[in-house]
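Heads up, run.pdb below (PDB, C-alpha atoms, pLDDT in the B column):
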ATOM      1  CA  ALA W1179       9.328-122.986 -63.885  1.00 39.00           C
ATOM      2  CA  ALA W1180       7.391-119.728 -63.780  1.00 40.00           C
ATOM      3  CA  SER W1181       5.398-120.915 -60.778  1.00 39.00           C
ATOM      4  CA  ALA W1182       8.581-121.157 -58.743  1.00 44.00           C
ATOM      5  CA  PHE W1183       8.906-117.414 -58.322  1.00 46.00           C
ATOM      6  CA  HIS W1184       6.679-114.383 -57.943  1.00 46.00           C
ATOM      7  CA  VAL W1185       6.866-110.604 -57.981  1.00 47.00           C
ATOM      8  CA  PRO W1186       5.637-109.015 -54.734  1.00 46.00           C
ATOM      9  CA  SER W1187       3.080-106.226 -55.045  1.00 45.00           C
ATOM     10  CA  PRO W1188       4.695-102.742 -54.966  1.00 42.00           C
ATOM     11  CA  SER W1189       2.447-101.880 -52.008  1.00 38.00           C
ATOM     12  CA  VAL W1190       4.036-104.604 -49.883  1.00 36.00           C
ATOM     13  CA  SER W1191       7.310-103.904 -48.125  1.00 34.00           C
ATOM     14  CA  SER W1192       9.451-106.782 -49.268  1.00 35.00           C
ATOM     15  CA  THR W1193      12.904-105.417 -48.543  1.00 32.00           C
ATOM     16  CA  SER W1194      12.803-106.634 -44.947  1.00 33.00           C
ATOM     17  CA  ARG W1195      12.577-110.259 -46.005  1.00 34.00           C
ATOM     18  CA  ALA W1196      15.734-112.309 -45.891  1.00 33.00           C
ATOM     19  CA  PHE W1197      17.087-113.249 -49.288  1.00 33.00           C
ATOM     20  CA  ARG W1198      20.412-114.073 -50.886  1.00 35.00           C
ATOM     21  CA  THR W1199      21.740-111.916 -53.688  1.00 35.00           C
ATOM     22  CA  LEU W1200      24.016-113.060 -56.442  1.00 35.00           C
ATOM     23  CA  SER W1201      26.661-110.872 -58.033  1.00 35.00           C
ATOM     24  CA  MET W1202      28.233-111.626 -61.370  1.00 37.00           C
ATOM     25  CA  SER W1203      31.297-110.014 -62.878  1.00 40.00           C
ATOM     26  CA  THR W1204      31.183-109.221 -66.581  1.00 43.00           C
ATOM     27  CA  ALA W1205      34.965-108.852 -66.693  1.00 46.00           C
ATOM     28  CA  THR W1206      35.860-112.503 -66.093  1.00 48.00           C
ATOM     29  CA  PRO W1207      38.829-113.425 -68.311  1.00 52.00           C
ATOM     30  CA  SER W1208      38.073-116.214 -70.750  1.00 52.00           C
ATOM     31  CA  SER W1209      41.132-118.094 -69.450  1.00 57.00           C
ATOM     32  CA  ASP W1210      39.275-118.680 -66.160  1.00 68.00           C
ATOM     33  CA  PHE W1211      36.786-121.018 -67.827  1.00 65.00           C
ATOM     34  CA  GLN W1212      37.431-124.724 -68.104  1.00 65.00           C
ATOM     35  CA  SER W1213      35.150-125.459 -71.073  1.00 67.00           C
ATOM     36  CA  GLU W1214      35.329-124.120 -74.593  1.00 69.00           C
ATOM     37  CA  SER W1215      31.551-123.547 -74.680  1.00 67.00           C
ATOM     38  CA  ALA W1216      31.808-121.265 -71.627  1.00 67.00           C
ATOM     39  CA  ARG W1217      34.673-119.282 -73.151  1.00 69.00           C
ATOM     40  CA  ARG W1218      32.636-118.687 -76.302  1.00 68.00           C
ATOM     41  CA  GLN W1219      29.869-117.021 -74.307  1.00 68.00           C
ATOM     42  CA  ILE W1220      31.937-113.889 -73.630  1.00 71.00           C
ATOM     43  CA  GLY W1221      34.015-111.506 -75.703  1.00 71.00           C
ATOM     44  CA  ASN W1222      33.931-111.188 -79.484  1.00 74.00           C
ATOM     45  CA  ASP W1223      33.115-114.871 -80.046  1.00 70.00           C
ATOM     46  CA  ALA W1224      29.732-114.448 -78.357  1.00 71.00           C
ATOM     47  CA  PHE W1225      28.494-112.204 -81.177  1.00 71.00           C
ATOM     48  CA  LEU W1226      28.820-115.025 -83.717  1.00 73.00           C
ATOM     49  CA  ASN W1227      28.039-117.978 -81.423  1.00 77.00           C
ATOM     50  CA  GLN W1228      24.736-119.449 -82.608  1.00 79.00           C
ATOM     51  CA  ASN W1229      24.952-122.092 -79.854  1.00 81.00           C
ATOM     52  CA  LEU W1230      23.875-119.381 -77.404  1.00 82.00           C
ATOM     53  CA  MET W1231      20.328-119.763 -78.750  1.00 87.00           C
ATOM     54  CA  ALA W1232      20.171-123.412 -77.673  1.00 87.00           C
ATOM     55  CA  ARG W1233      21.518-122.560 -74.204  1.00 85.00           C
ATOM     56  CA  ALA W1234      18.966-119.783 -73.770  1.00 89.00           C
ATOM     57  CA  GLN W1235      16.154-121.984 -75.055  1.00 90.00           C
ATOM     58  CA  ASN W1236      16.976-125.061 -72.973  1.00 89.00           C
ATOM     59  CA  GLY W1237      17.906-123.352 -69.706  1.00 87.00           C
ATOM     60  CA  PRO W1238      20.585-124.590 -67.292  1.00 86.00           C
ATOM     61  CA  GLY W1239      19.916-128.265 -68.031  1.00 84.00           C
ATOM     62  CA  LYS W1240      20.573-129.369 -64.442  1.00 85.00           C
ATOM     63  CA  THR W1241      19.058-129.102 -60.974  1.00 88.00           C
ATOM     64  CA  ASN W1242      21.266-128.038 -58.088  1.00 89.00           C
ATOM     65  CA  ALA W1243      21.672-130.437 -55.194  1.00 89.00           C
ATOM     66  CA  SER W1244      21.070-127.667 -52.647  1.00 91.00           C
ATOM     67  CA  LYS W1245      18.011-125.415 -52.816  1.00 93.00           C
ATOM     68  CA  LEU W1246      18.567-121.707 -52.190  1.00 94.00           C
ATOM     69  CA  LYS W1247      16.189-118.825 -51.514  1.00 95.00           C
ATOM     70  CA  ILE W1248      17.281-116.083 -53.908  1.00 96.00           C
ATOM     71  CA  GLY W1249      16.092-112.512 -54.391  1.00 96.00           C
ATOM     72  CA  ILE W1250      16.455-110.617 -57.670  1.00 96.00           C
ATOM     73  CA  VAL W1251      16.154-106.830 -57.702  1.00 96.00           C
ATOM     74  CA  GLY W1252      14.583-105.625 -60.925  1.00 94.00           C
ATOM     75  CA  ALA W1253      12.120-107.478 -63.162  1.00 93.00           C
ATOM     76  CA  GLY W1254      13.532-106.353 -66.482  1.00 91.00           C
ATOM     77  CA  LEU W1255      14.634-108.808 -69.156  1.00 89.00           C
ATOM     78  CA  ALA W1256      17.892-109.726 -67.387  1.00 91.00           C
ATOM     79  CA  GLY W1257      16.124-110.255 -64.060  1.00 94.00           C
ATOM     80  CA  LEU W1258      13.369-112.353 -65.614  1.00 93.00           C
ATOM     81  CA  VAL W1259      15.838-114.580 -67.483  1.00 93.00           C
ATOM     82  CA  ALA W1260      17.966-115.021 -64.350  1.00 93.00           C
ATOM     83  CA  ALA W1261      14.817-115.969 -62.431  1.00 94.00           C
ATOM     84  CA  MET W1262      13.832-118.555 -65.051  1.00 93.00           C
ATOM     85  CA  ASP W1263      17.277-120.183 -64.981  1.00 93.00           C
ATOM     86  CA  LEU W1264      17.424-120.234 -61.198  1.00 95.00           C
ATOM     87  CA  ALA W1265      13.891-121.590 -60.870  1.00 94.00           C
ATOM     88  CA  ASP W1266      14.636-124.287 -63.458  1.00 93.00           C
ATOM     89  CA  ALA W1267      17.719-125.176 -61.434  1.00 93.00           C
ATOM     90  CA  GLY W1268      15.498-125.864 -58.416  1.00 94.00           C
ATOM     91  CA  HIS W1269      15.798-122.672 -56.372  1.00 96.00           C
ATOM     92  CA  ASP W1270      13.105-120.541 -54.724  1.00 95.00           C
ATOM     93  CA  VAL W1271      13.226-117.131 -56.426  1.00 96.00           C
ATOM     94  CA  GLU W1272      11.587-113.894 -55.357  1.00 96.00           C
ATOM     95  CA  MET W1273      11.712-110.771 -57.525  1.00 95.00           C
ATOM     96  CA  PHE W1274      11.608-107.154 -56.369  1.00 96.00           C
ATOM     97  CA  GLU W1275      10.296-104.565 -58.838  1.00 94.00           C
ATOM     98  CA  LEU W1276       9.433-100.924 -58.151  1.00 93.00           C
ATOM     99  CA  ARG W1277       7.023-100.551 -61.093  1.00 88.00           C
ATOM    100  CA  PRO W1278       3.572-102.179 -61.133  1.00 86.00           C
ATOM    101  CA  PHE W1279       4.575-104.158 -64.249  1.00 85.00           C
ATOM    102  CA  VAL W1280       7.500-106.299 -65.361  1.00 87.00           C
ATOM    103  CA  GLY W1281       9.706-106.157 -68.437  1.00 88.00           C
ATOM    104  CA  GLY W1282      11.735-102.981 -67.936  1.00 87.00           C
ATOM    105  CA  LYS W1283      12.813-101.583 -71.301  1.00 82.00           C
ATOM    106  CA  VAL W1284      11.263-104.499 -73.183  1.00 82.00           C
ATOM    107  CA  SER W1285       7.796-103.741 -71.824  1.00 85.00           C
ATOM    108  CA  SER W1286       5.145-102.003 -73.923  1.00 82.00           C
ATOM    109  CA  TRP W1287       1.464-101.209 -73.965  1.00 80.00           C
ATOM    110  CA  LYS W1288      -1.197 -99.903 -76.362  1.00 83.00           C
ATOM    111  CA  ASP W1289      -2.672 -96.432 -76.136  1.00 86.00           C
ATOM    112  CA  LYS W1290      -6.336 -95.601 -76.794  1.00 89.00           C
ATOM    113  CA  GLU W1291      -5.710 -95.450 -80.546  1.00 89.00           C
ATOM    114  CA  GLY W1292      -4.086 -98.887 -80.570  1.00 85.00           C
ATOM    115  CA  ASN W1293      -0.521 -97.633 -81.039  1.00 81.00           C
ATOM    116  CA  HIS W1294       2.237 -99.627 -79.374  1.00 77.00           C
ATOM    117  CA  ILE W1295       4.095 -97.485 -76.805  1.00 79.00           C
ATOM    118  CA  GLU W1296       7.516 -98.936 -76.074  1.00 78.00           C
ATOM    119  CA  MET W1297       9.780 -98.454 -73.057  1.00 77.00           C
ATOM    120  CA  GLY W1298      12.872 -99.243 -75.134  1.00 71.00           C
ATOM    121  CA  LEU W1299      14.121-100.362 -78.522  1.00 68.00           C
ATOM    122  CA  HIS W1300      12.080-103.291 -79.823  1.00 67.00           C
ATOM    123  CA  VAL W1301      13.970-103.899 -83.074  1.00 70.00           C
ATOM    124  CA  PHE W1302      16.085-107.049 -83.133  1.00 76.00           C
ATOM    125  CA  PHE W1303      18.777-108.306 -85.493  1.00 76.00           C
ATOM    126  CA  GLY W1304      19.468-111.841 -86.629  1.00 78.00           C
ATOM    127  CA  CYS W1305      22.509-112.246 -84.361  1.00 80.00           C
ATOM    128  CA  TYR W1306      20.479-111.800 -81.139  1.00 84.00           C
ATOM    129  CA  TYR W1307      20.763-115.529 -80.422  1.00 87.00           C
ATOM    130  CA  ASN W1308      20.213-115.259 -76.669  1.00 86.00           C
ATOM    131  CA  LEU W1309      17.040-113.248 -77.061  1.00 87.00           C
ATOM    132  CA  PHE W1310      15.554-115.520 -79.714  1.00 90.00           C
ATOM    133  CA  GLY W1311      16.338-118.556 -77.544  1.00 91.00           C
ATOM    134  CA  ILE W1312      14.485-116.982 -74.622  1.00 91.00           C
ATOM    135  CA  MET W1313      11.523-116.172 -76.866  1.00 90.00           C
ATOM    136  CA  LYS W1314      11.387-119.784 -78.058  1.00 92.00           C
ATOM    137  CA  ARG W1315      11.625-120.983 -74.466  1.00 92.00           C
ATOM    138  CA  THR W1316       8.634-118.892 -73.428  1.00 90.00           C
ATOM    139  CA  GLY W1317       6.609-119.720 -76.534  1.00 91.00           C
ATOM    140  CA  SER W1318       6.614-116.135 -77.807  1.00 89.00           C
ATOM    141  CA  PHE W1319       8.939-116.501 -80.806  1.00 89.00           C
ATOM    142  CA  ASP W1320       6.220-117.678 -83.207  1.00 89.00           C
ATOM    143  CA  THR W1321       3.423-115.521 -81.803  1.00 89.00           C
ATOM    144  CA  GLU W1322       4.954-112.185 -80.714  1.00 81.00           C
ATOM    145  CA  LEU W1323       7.897-111.604 -83.079  1.00 80.00           C
ATOM    146  CA  ARG W1324       6.715-109.503 -86.006  1.00 78.00           C
ATOM    147  CA  MET W1325       8.838-109.141 -89.124  1.00 77.00           C
ATOM    148  CA  LYS W1326       8.982-105.619 -90.539  1.00 77.00           C
ATOM    149  CA  GLU W1327      10.306-104.040 -93.692  1.00 83.00           C
ATOM    150  CA  HIS W1328      13.785-102.649 -93.138  1.00 85.00           C
ATOM    151  CA  VAL W1329      12.750 -99.014 -93.437  1.00 88.00           C
ATOM    152  CA  HIS W1330      13.249 -96.289 -90.839  1.00 86.00           C
ATOM    153  CA  THR W1331      10.672 -93.484 -91.159  1.00 88.00           C
ATOM    154  CA  PHE W1332      11.284 -89.940 -89.896  1.00 90.00           C
ATOM    155  CA  VAL W1333       8.422 -87.566 -89.101  1.00 87.00           C
ATOM    156  CA  ASN W1334       9.776 -84.047 -89.594  1.00 90.00           C
ATOM    157  CA  GLU W1335       8.476 -80.711 -88.396  1.00 88.00           C
ATOM    158  CA  GLY W1336       5.367 -79.848 -90.359  1.00 90.00           C
ATOM    159  CA  GLY W1337       4.484 -83.507 -90.878  1.00 89.00           C
ATOM    160  CA  THR W1338       6.749 -84.227 -93.843  1.00 91.00           C
ATOM    161  CA  LEU W1339       8.218 -87.728 -93.953  1.00 91.00           C
ATOM    162  CA  GLY W1340      11.718 -88.962 -94.688  1.00 92.00           C
ATOM    163  CA  SER W1341      13.177 -92.432 -94.616  1.00 92.00           C
ATOM    164  CA  LEU W1342      16.192 -94.680 -94.562  1.00 91.00           C
ATOM    165  CA  ASP W1343      15.199 -97.532 -96.853  1.00 93.00           C
ATOM    166  CA  PHE W1344      17.566-100.494 -96.503  1.00 90.00           C
ATOM    167  CA  ARG W1345      15.568-102.772 -98.806  1.00 92.00           C
ATOM    168  CA  PHE W1346      17.974-103.839-101.540  1.00 92.00           C
ATOM    169  CA  PRO W1347      18.886-107.090-103.326  1.00 92.00           C
ATOM    170  CA  ILE W1348      22.448-106.925-101.956  1.00 88.00           C
ATOM    171  CA  GLY W1349      23.049-106.947 -98.210  1.00 80.00           C
ATOM    172  CA  ALA W1350      25.373-104.894 -96.008  1.00 73.00           C
ATOM    173  CA  PRO W1351      27.264-102.703 -96.526  1.00 75.00           C
ATOM    174  CA  VAL W1352      25.813-102.006-100.009  1.00 84.00           C
ATOM    175  CA  ALA W1353      22.238-101.864 -98.683  1.00 87.00           C
ATOM    176  CA  GLY W1354      23.276 -99.297 -96.097  1.00 83.00           C
ATOM    177  CA  LEU W1355      25.243 -97.166 -98.566  1.00 84.00           C
ATOM    178  CA  GLN W1356      22.326 -96.907-100.980  1.00 90.00           C
ATOM    179  CA  ALA W1357      19.935 -96.106 -98.119  1.00 91.00           C
ATOM    180  CA  PHE W1358      22.038 -93.142 -97.015  1.00 88.00           C
ATOM    181  CA  ALA W1359      22.579 -92.038-100.627  1.00 90.00           C
ATOM    182  CA  ARG W1360      18.813 -91.899-101.316  1.00 93.00           C
ATOM    183  CA  THR W1361      17.468 -90.559 -98.020  1.00 94.00           C
ATOM    184  CA  GLU W1362      15.473 -87.312 -98.081  1.00 92.00           C
ATOM    185  CA  GLN W1363      16.801 -86.401 -94.629  1.00 93.00           C
ATOM    186  CA  LEU W1364      20.173 -85.169 -95.913  1.00 92.00           C
ATOM    187  CA  GLY W1365      21.461 -82.816 -98.579  1.00 92.00           C
ATOM    188  CA  LEU W1366      24.332 -83.723-100.933  1.00 92.00           C
ATOM    189  CA  GLU W1367      27.086 -82.263 -98.737  1.00 92.00           C
ATOM    190  CA  ASP W1368      25.794 -84.012 -95.633  1.00 92.00           C
ATOM    191  CA  LYS W1369      25.475 -87.268 -97.572  1.00 92.00           C
ATOM    192  CA  PHE W1370      29.149 -87.016 -98.538  1.00 90.00           C
ATOM    193  CA  HIS W1371      30.314 -86.439 -94.965  1.00 89.00           C
ATOM    194  CA  ASN W1372      28.066 -89.236 -93.710  1.00 88.00           C
ATOM    195  CA  ALA W1373      29.580 -91.577 -96.295  1.00 86.00           C
ATOM    196  CA  VAL W1374      33.100 -90.673 -95.122  1.00 86.00           C
ATOM    197  CA  ARG W1375      32.186 -91.240 -91.494  1.00 85.00           C
ATOM    198  CA  LEU W1376      30.400 -94.515 -92.115  1.00 82.00           C
ATOM    199  CA  GLY W1377      33.272 -95.689 -94.294  1.00 83.00           C
ATOM    200  CA  THR W1378      35.658 -95.295 -91.352  1.00 86.00           C
ATOM    201  CA  SER W1379      33.277 -96.848 -88.806  1.00 88.00           C
ATOM    202  CA  PRO W1380      33.788-100.110 -86.879  1.00 88.00           C
ATOM    203  CA  ILE W1381      30.991-101.681 -88.933  1.00 81.00           C
ATOM    204  CA  VAL W1382      33.019-101.479 -92.139  1.00 84.00           C
ATOM    205  CA  ARG W1383      36.242-102.643 -90.486  1.00 87.00           C
ATOM    206  CA  ALA W1384      34.457-105.605 -88.908  1.00 86.00           C
ATOM    207  CA  LEU W1385      33.530-106.877 -92.385  1.00 83.00           C
ATOM    208  CA  PHE W1386      37.167-107.878 -92.968  1.00 86.00           C
ATOM    209  CA  ASP W1387      38.628-107.657 -89.439  1.00 90.00           C
ATOM    210  CA  PHE W1388      35.947-108.613 -86.920  1.00 86.00           C
ATOM    211  CA  ASP W1389      38.147-108.447 -83.801  1.00 88.00           C
ATOM    212  CA  GLY W1390      39.591-105.107 -84.891  1.00 90.00           C
ATOM    213  CA  GLY W1391      36.112-103.719 -85.473  1.00 89.00           C
ATOM    214  CA  MET W1392      34.962-104.837 -82.024  1.00 87.00           C
ATOM    215  CA  ASP W1393      38.061-103.250 -80.460  1.00 89.00           C
ATOM    216  CA  MET W1394      37.097 -99.987 -82.171  1.00 89.00           C
ATOM    217  CA  VAL W1395      33.573-100.251 -80.726  1.00 88.00           C
ATOM    218  CA  ARG W1396      34.966-100.544 -77.205  1.00 87.00           C
ATOM    219  CA  ASP W1397      37.363 -97.629 -77.726  1.00 88.00           C
ATOM    220  CA  LEU W1398      34.500 -95.435 -78.920  1.00 90.00           C
ATOM    221  CA  ASP W1399      32.642 -95.953 -75.642  1.00 89.00           C
ATOM    222  CA  ASP W1400      34.811 -93.175 -74.209  1.00 90.00           C
ATOM    223  CA  ILE W1401      33.481 -90.431 -76.508  1.00 93.00           C
ATOM    224  CA  SER W1402      30.041 -89.267 -77.579  1.00 94.00           C
ATOM    225  CA  PHE W1403      28.618 -89.981 -81.015  1.00 94.00           C
ATOM    226  CA  THR W1404      28.604 -86.224 -81.702  1.00 95.00           C
ATOM    227  CA  GLU W1405      32.323 -85.942 -80.992  1.00 94.00           C
ATOM    228  CA  TRP W1406      33.154 -88.929 -83.204  1.00 93.00           C
ATOM    229  CA  PHE W1407      30.818 -87.877 -86.021  1.00 93.00           C
ATOM    230  CA  THR W1408      31.996 -84.260 -86.267  1.00 93.00           C
ATOM    231  CA  ARG W1409      35.718 -85.108 -86.344  1.00 88.00           C
ATOM    232  CA  LEU W1410      35.617 -85.666 -90.124  1.00 81.00           C
ATOM    233  CA  GLY W1411      33.149 -82.980 -91.065  1.00 85.00           C
ATOM    234  CA  GLY W1412      29.806 -84.360 -89.932  1.00 89.00           C
ATOM    235  CA  SER W1413      27.373 -81.492 -89.408  1.00 92.00           C
ATOM    236  CA  ARG W1414      24.933 -80.532 -86.682  1.00 92.00           C
ATOM    237  CA  GLY W1415      22.214 -80.604 -89.317  1.00 91.00           C
ATOM    238  CA  SER W1416      22.863 -84.311 -89.923  1.00 93.00           C
ATOM    239  CA  LEU W1417      22.662 -84.934 -86.200  1.00 94.00           C
ATOM    240  CA  ASP W1418      19.412 -82.991 -85.823  1.00 93.00           C
ATOM    241  CA  ARG W1419      17.634 -84.449 -88.845  1.00 92.00           C
ATOM    242  CA  MET W1420      18.793 -88.054 -88.768  1.00 92.00           C
ATOM    243  CA  TRP W1421      21.136 -89.222 -86.025  1.00 93.00           C
ATOM    244  CA  ASP W1422      19.356 -87.718 -83.008  1.00 93.00           C
ATOM    245  CA  PRO W1423      16.084 -89.526 -83.895  1.00 89.00           C
ATOM    246  CA  ILE W1424      18.049 -92.757 -84.308  1.00 87.00           C
ATOM    247  CA  ALA W1425      19.831 -92.209 -80.970  1.00 88.00           C
ATOM    248  CA  TYR W1426      16.537 -91.538 -79.208  1.00 86.00           C
ATOM    249  CA  ALA W1427      15.121 -94.761 -80.646  1.00 79.00           C
ATOM    250  CA  LEU W1428      18.174 -96.735 -79.526  1.00 77.00           C
ATOM    251  CA  GLY W1429      18.801 -95.327 -76.076  1.00 76.00           C
ATOM    252  CA  PHE W1430      16.341 -92.524 -75.312  1.00 80.00           C
ATOM    253  CA  VAL W1431      19.182 -89.958 -75.306  1.00 87.00           C
ATOM    254  CA  ASP W1432      20.567 -87.668 -77.996  1.00 92.00           C
ATOM    255  CA  CYS W1433      23.889 -87.901 -79.838  1.00 94.00           C
ATOM    256  CA  ASP W1434      25.576 -85.548 -77.385  1.00 94.00           C
ATOM    257  CA  HIS W1435      25.023 -88.086 -74.612  1.00 93.00           C
ATOM    258  CA  ILE W1436      25.109 -91.500 -76.288  1.00 91.00           C
ATOM    259  CA  SER W1437      28.507 -93.134 -76.763  1.00 90.00           C
ATOM    260  CA  ALA W1438      29.858 -93.510 -80.264  1.00 85.00           C
TER     261      ALA W1438
END
Translate this file's structure into structure tokens.
Amino acid sequence: AASAFHVPSPSVSSTSRAFRTLSMSTATPSSDFQSESARRQIGNDAFLNQNLMARAQNGPGKTNASKLKIGIVGAGLAGLVAAMDLADAGHDVEMFELRPFVGGKVSSWKDKEGNHIEMGLHVFFGCYYNLFGIMKRTGSFDTELRMKEHVHTFVNEGGTLGSLDFRFPIGAPVAGLQAFARTEQLGLEDKFHNAVRLGTSPIVRALFDFDGGMDMVRDLDDISFTEWFTRLGGSRGSLDRMWDPIAYALGFVDCDHISA
């Protein structure tokens, strides 16, 4: 399918070419779908729907009767996956990308010392069924996915190291609680306030009320992590020493600008 589309060189003016664009709404109510499998691809159910891996791995599974010429603006992960599906469905696809490389925030390269420089977060969790299906579809799951120890390392001013070590015989939330209790990044008072804040987080609620936890996540989109964290005593020191580095790794912005 990859041969069915190409990315024009940035030096070529491609915007004058005729192409059809597709727009998709992410707010489609689940009641609009006729099939149960389609309904389970949106909303809270999608987070626990392992069938999404098979759909991502197998593609659309059908070829359209009519062949369209389609343009996709942006060759990030979403654009590349859309192009694969459309090409597999029999359409002519042309991609438009400003950068001289594809991948967007999932792209990376090696510097002169051999370090991997990443454009975005490259840490994946076991529930990323869509992503793992795409990796299997492209043959990269077994060759490019590297398992790592569940330890987050902090390089502090002066070169001292701290960590959040989630390795523990018991899984979440116990593994997380012991990691925060033992980290060198926080003093005793900050550890207490972090424990209070994490104990009232959507993650804990979702353990016994998944829908309620996901509703909390959506409500917290309206405030910054800093605002949410400091409401119950979280300190600026905790933000500077631990949460800002985590926020930068997740979204390349600090806690004052990333949503809770």
Contacts of segment 1331-1347 of chain W at 8 Å (all atoms listed in the file; same-chain gap of 5+ positions) as a ChimeraX atom specification: /W:1353-1354,1356-1358,1360-1363,1419-1420,1423
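Within the 10 Å cut-off around Leu1385 of chain W, using all atoms listed in the file and omitting residues fewer than 6 positions from it on the same chain, the listed residues are Ala1350, Pro1351 and Gly1391 of chain W.
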Residues picked by the PyMOL selection byres ((chain W and resi 1401-1406) around 6) here, as a PDB file with C-alpha atoms, keeping the file's coordinate frame?
ATOM      1  CA  LEU W1398      34.500 -95.435 -78.920  1.00 90.00           C
ATOM      2  CA  ASP W1399      32.642 -95.953 -75.642  1.00 89.00           C
ATOM      3  CA  ASP W1400      34.811 -93.175 -74.209  1.00 90.00           C
ATOM      4  CA  PHE W1407      30.818 -87.877 -86.021  1.00 93.00           C
ATOM      5  CA  THR W1408      31.996 -84.260 -86.267  1.00 93.00           C
ATOM      6  CA  ARG W1409      35.718 -85.108 -86.344  1.00 88.00           C
ATOM      7  CA  CYS W1433      23.889 -87.901 -79.838  1.00 94.00           C
ATOM      8  CA  ASP W1434      25.576 -85.548 -77.385  1.00 94.00           C
ATOM      9  CA  HIS W1435      25.023 -88.086 -74.612  1.00 93.00           C
ATOM     10  CA  ILE W1436      25.109 -91.500 -76.288  1.00 91.00           C
ATOM     11  CA  SER W1437      28.507 -93.134 -76.763  1.00 90.00           C
ATOM     12  CA  ALA W1438      29.858 -93.510 -80.264  1.00 85.00           C
TER      13      ALA W1438
END
Output check: residues returned by the PyMOL selection byres ((chain W and resi 1371) around 12), as a VMD selection string: chain W and resid 1358 to 1359 1364 to 1370 1372 to 1378 1407 to 1417
Mind dumping the selected residues with C-alpha atoms as a PDB file, keeping the file's coordinate frame?
ATOM      1  CA  PHE W1358      22.038 -93.142 -97.015  1.00 88.00           C
ATOM      2  CA  ALA W1359      22.579 -92.038-100.627  1.00 90.00           C
ATOM      3  CA  LEU W1364      20.173 -85.169 -95.913  1.00 92.00           C
ATOM      4  CA  GLY W1365      21.461 -82.816 -98.579  1.00 92.00           C
ATOM      5  CA  LEU W1366      24.332 -83.723-100.933  1.00 92.00           C
ATOM      6  CA  GLU W1367      27.086 -82.263 -98.737  1.00 92.00           C
ATOM      7  CA  ASP W1368      25.794 -84.012 -95.633  1.00 92.00           C
ATOM      8  CA  LYS W1369      25.475 -87.268 -97.572  1.00 92.00           C
ATOM      9  CA  PHE W1370      29.149 -87.016 -98.538  1.00 90.00           C
ATOM     10  CA  ASN W1372      28.066 -89.236 -93.710  1.00 88.00           C
ATOM     11  CA  ALA W1373      29.580 -91.577 -96.295  1.00 86.00           C
ATOM     12  CA  VAL W1374      33.100 -90.673 -95.122  1.00 86.00           C
ATOM     13  CA  ARG W1375      32.186 -91.240 -91.494  1.00 85.00           C
ATOM     14  CA  LEU W1376      30.400 -94.515 -92.115  1.00 82.00           C
ATOM     15  CA  GLY W1377      33.272 -95.689 -94.294  1.00 83.00           C
ATOM     16  CA  THR W1378      35.658 -95.295 -91.352  1.00 86.00           C
ATOM     17  CA  PHE W1407      30.818 -87.877 -86.021  1.00 93.00           C
ATOM     18  CA  THR W1408      31.996 -84.260 -86.267  1.00 93.00           C
ATOM     19  CA  ARG W1409      35.718 -85.108 -86.344  1.00 88.00           C
ATOM     20  CA  LEU W1410      35.617 -85.666 -90.124  1.00 81.00           C
ATOM     21  CA  GLY W1411      33.149 -82.980 -91.065  1.00 85.00           C
ATOM     22  CA  GLY W1412      29.806 -84.360 -89.932  1.00 89.00           C
ATOM     23  CA  SER W1413      27.373 -81.492 -89.408  1.00 92.00           C
ATOM     24  CA  ARG W1414      24.933 -80.532 -86.682  1.00 92.00           C
ATOM     25  CA  GLY W1415      22.214 -80.604 -89.317  1.00 91.00           C
ATOM     26  CA  SER W1416      22.863 -84.311 -89.923  1.00 93.00           C
ATOM     27  CA  LEU W1417      22.662 -84.934 -86.200  1.00 94.00           C
TER      28      LEU W1417
END
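As for atom CA of Asp1289 of chain W and atom CA of Gly1304 of chain W, they are spaced 28.9 Å apart.
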Resolved residues for the PyMOL selection byres ((chain W and resi 1240-1252) around 9) as an MDAnalysis selection string: chainID W and resid 1196:1200 1237:1239 1253:1258 1260:1261 1264 1266:1276 1280:1282
Residue contacts of Asn1236 of chain W (10 Å, only C-alpha atoms) excluding same-chain residues fewer than 4 positions away, as a PyMOL selection string: chain W and resi 1230-1232+1263+1266+1311-1312+1314-1315
Those same residues - C-alpha atoms - I'd like them written as a short mmCIF file (atom, residue, chain, number, x, y, z; two decimals), keeping the file's coordinate frame.
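This is the output file result-v6.cif:
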data_model
loop_
_atom_site.label_atom_id
_atom_site.label_comp_id
_atom_site.auth_asym_id
_atom_site.auth_seq_id
_atom_site.Cartn_x
_atom_site.Cartn_y
_atom_site.Cartn_z
CA LEU W 1230 23.88 -119.38 -77.40
CA MET W 1231 20.33 -119.76 -78.75
CA ALA W 1232 20.17 -123.41 -77.67
CA ASP W 1263 17.28 -120.18 -64.98
CA ASP W 1266 14.64 -124.29 -63.46
CA GLY W 1311 16.34 -118.56 -77.54
CA ILE W 1312 14.48 -116.98 -74.62
CA LYS W 1314 11.39 -119.78 -78.06
CA ARG W 1315 11.62 -120.98 -74.47
#
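The coordinates place atom CA of Phe1430 of chain W at 26.2 Å from atom CA of Ala1384 of chain W.
Atom CA of Ala1425 of chain W is found 21.1 Å from atom CA of Asn1293 of chain W.
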Mind working out the centre and edge lengths of an axis-aligned box for segment 1239-1257 of chain W, all listed atoms inside, 3 Å added to each side, rounded to one decimal in Å and written as JSON?
{"center_x": 16.9, "center_y": -118.0, "center_z": -60.3, "size_x": 15.6, "size_y": 30.8, "size_z": 23.6}
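Nearest to Cys1305 of chain W of all the residues W:Phe1386, W:Phe1225, W:Trp1421, W:Tyr1426 is W:Phe1225, counting only C-alpha atoms.
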Pick from W:Lys1283, W:Asp1320, W:Lys1290, W:Leu1226, whichever lies nearest to Tyr1306 of chain W using only C-alpha atoms: W:Leu1226
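With only C-alpha atoms as the atoms that count, the minimum distance from Tyr1307 of chain W to the choices W:Met1394, W:Ala1234, W:Val1431, W:Ile1381 is reached by W:Ala1234.
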